[in-house]
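Working notes, beginning with the structure itself.
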Amino acid sequence: MVSRVSTPTGVVAVTPVTRLPSLSVGDVIAMRVARHMTDGVMRLVSGNFQLDVAGQEMFPVGARVSLQVSRGPEGGVSYQVSAGADDVPGQGAAPPGSAVAREQAALQRLSGMAADLASRQDGLAPLFSGLSAAAAAPASAALPQPVVAAMAALFGLRLVADDKLDGARLKRAIATAAGAPKSEGGRGLPGVLKDLGDALRLFAKGGEGIAREGTPPAPPSLARHPQAQPPGRASLELMQALARGDLSVAALLLLGKSDAALARVRLSGLTSLKVLGDGAGDGATFDRTLDLPFVFGSQTGVISLQIGRDDTPGHEGEGSHPAWRVRFGIDTGASGPVEAVVGLDGTRLFATLWAERGETASALTERLSELREMLAGSGLEVVELKVLPGRPGNPPAASGQYVNQVS
């Protein structure tokens, strides 16, 4: 369903991404700019309703705007988008203590927090490789019990990629990675990472963790393609510290990796709140992004995952016409980067996989018939299933997304 919106710069198209309430000529709806989707496209929200407006005039994220319904050409309906009363130039800032001022202050705090987390974040793979090296070192026998317990809890949260993997286990692993499990005392991945950091900090007598040693992955995103995180190797500095039995330095190195991994997990949570202006999408936006650690053989990999509810025409609510979209990136080291986009419309499944390495693409293509039969055996109608070489293109990165505008 596509409508038209009249703005001060002209008539532009609008694509509602959820159902709008019944509107009449003369109605005026107060809305807020939730995020900038692309250059010239912004998402407006009001309660449970939202729409994407493609136009030349862009209001800042968090700004209040008005959507006015008027009579359009040929008896139709048109919409006028203008600045809200609190965002009209020359009228000053919102009164201190008002709801608008509180919301603006909250958005500023979130923006500042996101900028700080983005500067410190790193992937989960360096942490798991470091912990594996520490657990295997002879000096690990001298680690205090709280550190050992936190390490064991973190290893226990990994998804085991074996022939017994099913939907229920995958769902539990995703809930755990998102911090909302029914087990682990409600701690989940964020809580266990915090426990590990606290235990290492206590062991290091309050010392500061040693900053990450490599280039971190791109910040989590709902719009850009997920960046696969290959299994890592423990850093030379950590291996040297463990070899000479210097647990103080090893603890500080692990603390730096733990704090960086926790920063990424928290940044994923903020990104999923859709308050960071998470850049240019291609219309296929997602609702949740997270990193899912999994174990295969003796290694720990990380699946970069994005999940979203599809806006299917005729959808009337949760469960009546389930339609989902999932996108993920994975790299086992031997496979190279692999990405997939999966759509599920009821029982109808659509999937496209990309493999950067030619040999991986060929191997996946050879097993498509086997995968199709397995999916069909689980009750799914496989409408489309294909493998493409290379990597899908990314939209441009959002400008200034993680600029700290507070300090």
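Ordered as shown in the structure tokens, chains take letters A, B, and onward, while each chain numbers its residues from 1 and ligands are numbered from 1 in the order shown.
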Where in range 139-348 of chain A does DSSP assign strand (DSSP E), given as a PyMOL selection string? chain A and resi 159-160+288-296+299-309+323-330+338-345+348
Polymer residues at most 9 Å from Phe155 in chain A, only C-alpha atoms, same-chain spacing of 3 or more positions, as a ChimeraX atom specification: /A:128,131,150-152,158,295
Polymer residues at most 6 Å from Val65 in chain A, only C-alpha atoms, same-chain spacing of 5 or more positions, as a short mmCIF file (atom, residue, chain, number, x, y, z; two decimals) with C-alpha atoms, in the first residue's frame:
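Wrote it out as part.cif, contents follow:
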data_model
loop_
_atom_site.label_atom_id
_atom_site.label_comp_id
_atom_site.auth_asym_id
_atom_site.auth_seq_id
_atom_site.Cartn_x
_atom_site.Cartn_y
_atom_site.Cartn_z
CA MET A 31 4.44 11.95 15.35
CA ARG A 32 8.13 11.64 16.10
CA SER A 82 5.52 19.74 9.02
CA ALA A 83 7.56 20.51 12.13
CA GLY A 84 5.76 20.03 15.42
#
Nearest to Ala115 in chain A, chosen from A:Thr360, A:Thr289, A:Leu267, A:Leu368, with only C-alpha atoms counted in the distances: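 Selected residue with least distance to Ala115 in chain A: A:Leu267.
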Residues within 12 Å of Ile330 in chain A, only C-alpha atoms, excluding chain neighbours under 5 positions, as a VMD selection string: chain A and resid 125 225 to 231 291 to 294 300 to 305 335 to 341 353 to 356
